[in-house]
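Worksheet: the structure to be examined is printed underneath.
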Amino acid sequence: MWNQFFLLEEYTGPDTQYVGKLHTDQDKGDGNLKYILTGDGAGSLFVIDENTGDIHAAKKLDREEKSLYVLRAKAIDRKTGRQVEPESEFIIKIHDINDNEPKFTKDIYTASVPEMSRVGTSVLQVTATDADDANYGNSAKVVYSILQGQPYFSVDPDTGIIKTALPDMSRENREQYQVVIQAKDMGGQMGGLSGTTTVNITLTDVNDNPPRFPQSTYQFSSPESAPLGTPLGRIKANDPDVGENAEIEYSISNGDGSDVFDIITDKDTQEGIITVKKQLDFENKMLYTLRVEAANSHPDPRFLQLGPFKDTALVKISVEDIDEPPVFSRASYLIEVDEDAKEGSIIGQVVAQDPDTTKNAIKYSVDRHTDLDRIFNIHSGNGSIFISKSLDREETPWHNITVIATEISYSEVCHKYFSICKDEKR
């Protein structure tokens, strides 16, 4: 006798909302029949006029809570109490109205995309859902748009996929972007409800910047006495990239000191440390020039056309003179002398020179700890050794003495160098 009725949700009119009318052909209009309603919400949500069969909704209904109600109807003869027809089942469907705004799955999204990405590179997909009926009208048809974040990014209106919209976006110029996306129902038309979400996008680094020295020439100095491995100074090429994209390897590409000096890379600071590789000698060479190269350890093939991903600089190293002690012409001397040689006789000579370029004068003396009896003496100016006392071979056949050569400098700083002289009496 009945099939289904339709009812709008969230009805706010002054009267109860009319649902429909139950009727049987057995009803002659004489009031002899009584209509009875049972099932979902009967008596509470839905009330029936037992005389006329008119059904009204007693309360506001929300489709999102329950969209369909199944009820049963009877027509009873008041006199006999019998059903004039078999009990019938019918449905009340709640028609949707647009009373729910789209909601995103997250209030804040976080995403990243490599810098220098091509236009149209996907960043992230955002999703909004609408609790309204997707099968009825456009109440749940969501369209996405971008409210903040242009012209850097765009959003696909149907899928919610955020994409890059500008070419060659550089992390070094700007790293963080905040994008606001709107989802609007009713197909985005006027009158639709909307919701928004925020997407924080970070540009991640790629190796698109070569290292560059801040200056073309560096100058260092080193004393000629510097031990091997001594660090002389640090140089650094700047690379605005980060992480492994900023890692640099330093090397000496050429120069007259490439075999004398070395450069090592400090992995923590990305600096090149110049060190001594071979013993220096001021008197031999006072100035060296190196060509130092700084190259990225991990170049990206996609950006090689921006290169070369290396740079060079000149490093000049001056060698400082050290006031070295005098050097004897020999490490030891052997002098033979007759035991009957007269006192004052010259028996030999030692020679020492100042190895420095100043070529300071030398003064000679005998270390008296090695000649306690003062048998020998030396001419302080020319190193000639002479006898001060008579010699006796049978008593002492050998004499071992040390001669001191002292450099006479303007600063009056003396350096001693020891050599052993042997005297033999025969």
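Convention: chains lettered A, B, ... in structure tokens order; per-chain residue numbering from 1; ligands numbered from 1 as shown.
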_According to DSSP computed on the backbone, where in range 79-276 of chain A is there strand (DSSP E)? Give the residues as a PyMOL selection string._
chain A and resi 88-95+103-104+108-114+122-125+128-129+143-148+153-155+161-164+176-184+194-204+217-223+231-235+248-255+261-266+271-276
Non-local contacts of Gly383 in chain A (10 Å; only C-alpha atoms; under 5 positions in same chain excluded) as a tab-separated table (two decimals) with C-alpha atoms, in the first residue's frame:
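Wrote it out as selection_20.tsv, contents follow:
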```
chain	number	residue	atom	x	y	z
A	348	GLY	CA	146.26	22.17	12.93
A	349	GLN	CA	143.21	24.22	12.12
A	350	VAL	CA	139.44	23.80	12.28
A	351	VAL	CA	137.04	25.72	10.03
A	352	ALA	CA	133.36	26.59	10.69
A	362	ILE	CA	132.89	32.98	13.89
A	363	LYS	CA	134.80	32.94	17.17
A	364	TYR	CA	136.58	29.74	18.23
A	365	SER	CA	137.34	28.46	21.72
A	366	VAL	CA	138.36	25.22	23.47
A	377	ASN	CA	144.68	26.56	22.81
A	378	ILE	CA	143.03	27.99	19.71
A	403	VAL	CA	136.31	23.05	19.97
A	404	ILE	CA	133.44	25.54	20.21
A	405	ALA	CA	132.48	27.73	17.25
```
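For the pair CA of Pro211 in chain A and CA of Asp266 in chain A, the separation is 15.2 Å.
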Item checked: Polymer residues at most 7 Å from Asn200 in chain A, only C-alpha atoms, same-chain spacing of 6 or more positions, as JSON, numbers by chain -> {"A": [109, 110, 111, 177, 178, 179]}
Given the choices A:Pro325, A:Ser258, A:Leu391, A:Met286, which gets closest to Lys359 in chain A if the distance is worked out from only C-alpha atoms?
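When distances to Lys359 in chain A are compared using only C-alpha atoms, the smallest one comes from A:Pro325.
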Query raised in the report: Between CA of Arg72 in chain A and CA of Glu89 in chain A, what is the distance, to one decimal in Å?
Result: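 Interatomic distance here is 4.3 Å.
Note that the spacing between CA of Gly344 in chain A and CA of Phe386 in chain A amounts to 5.5 Å.
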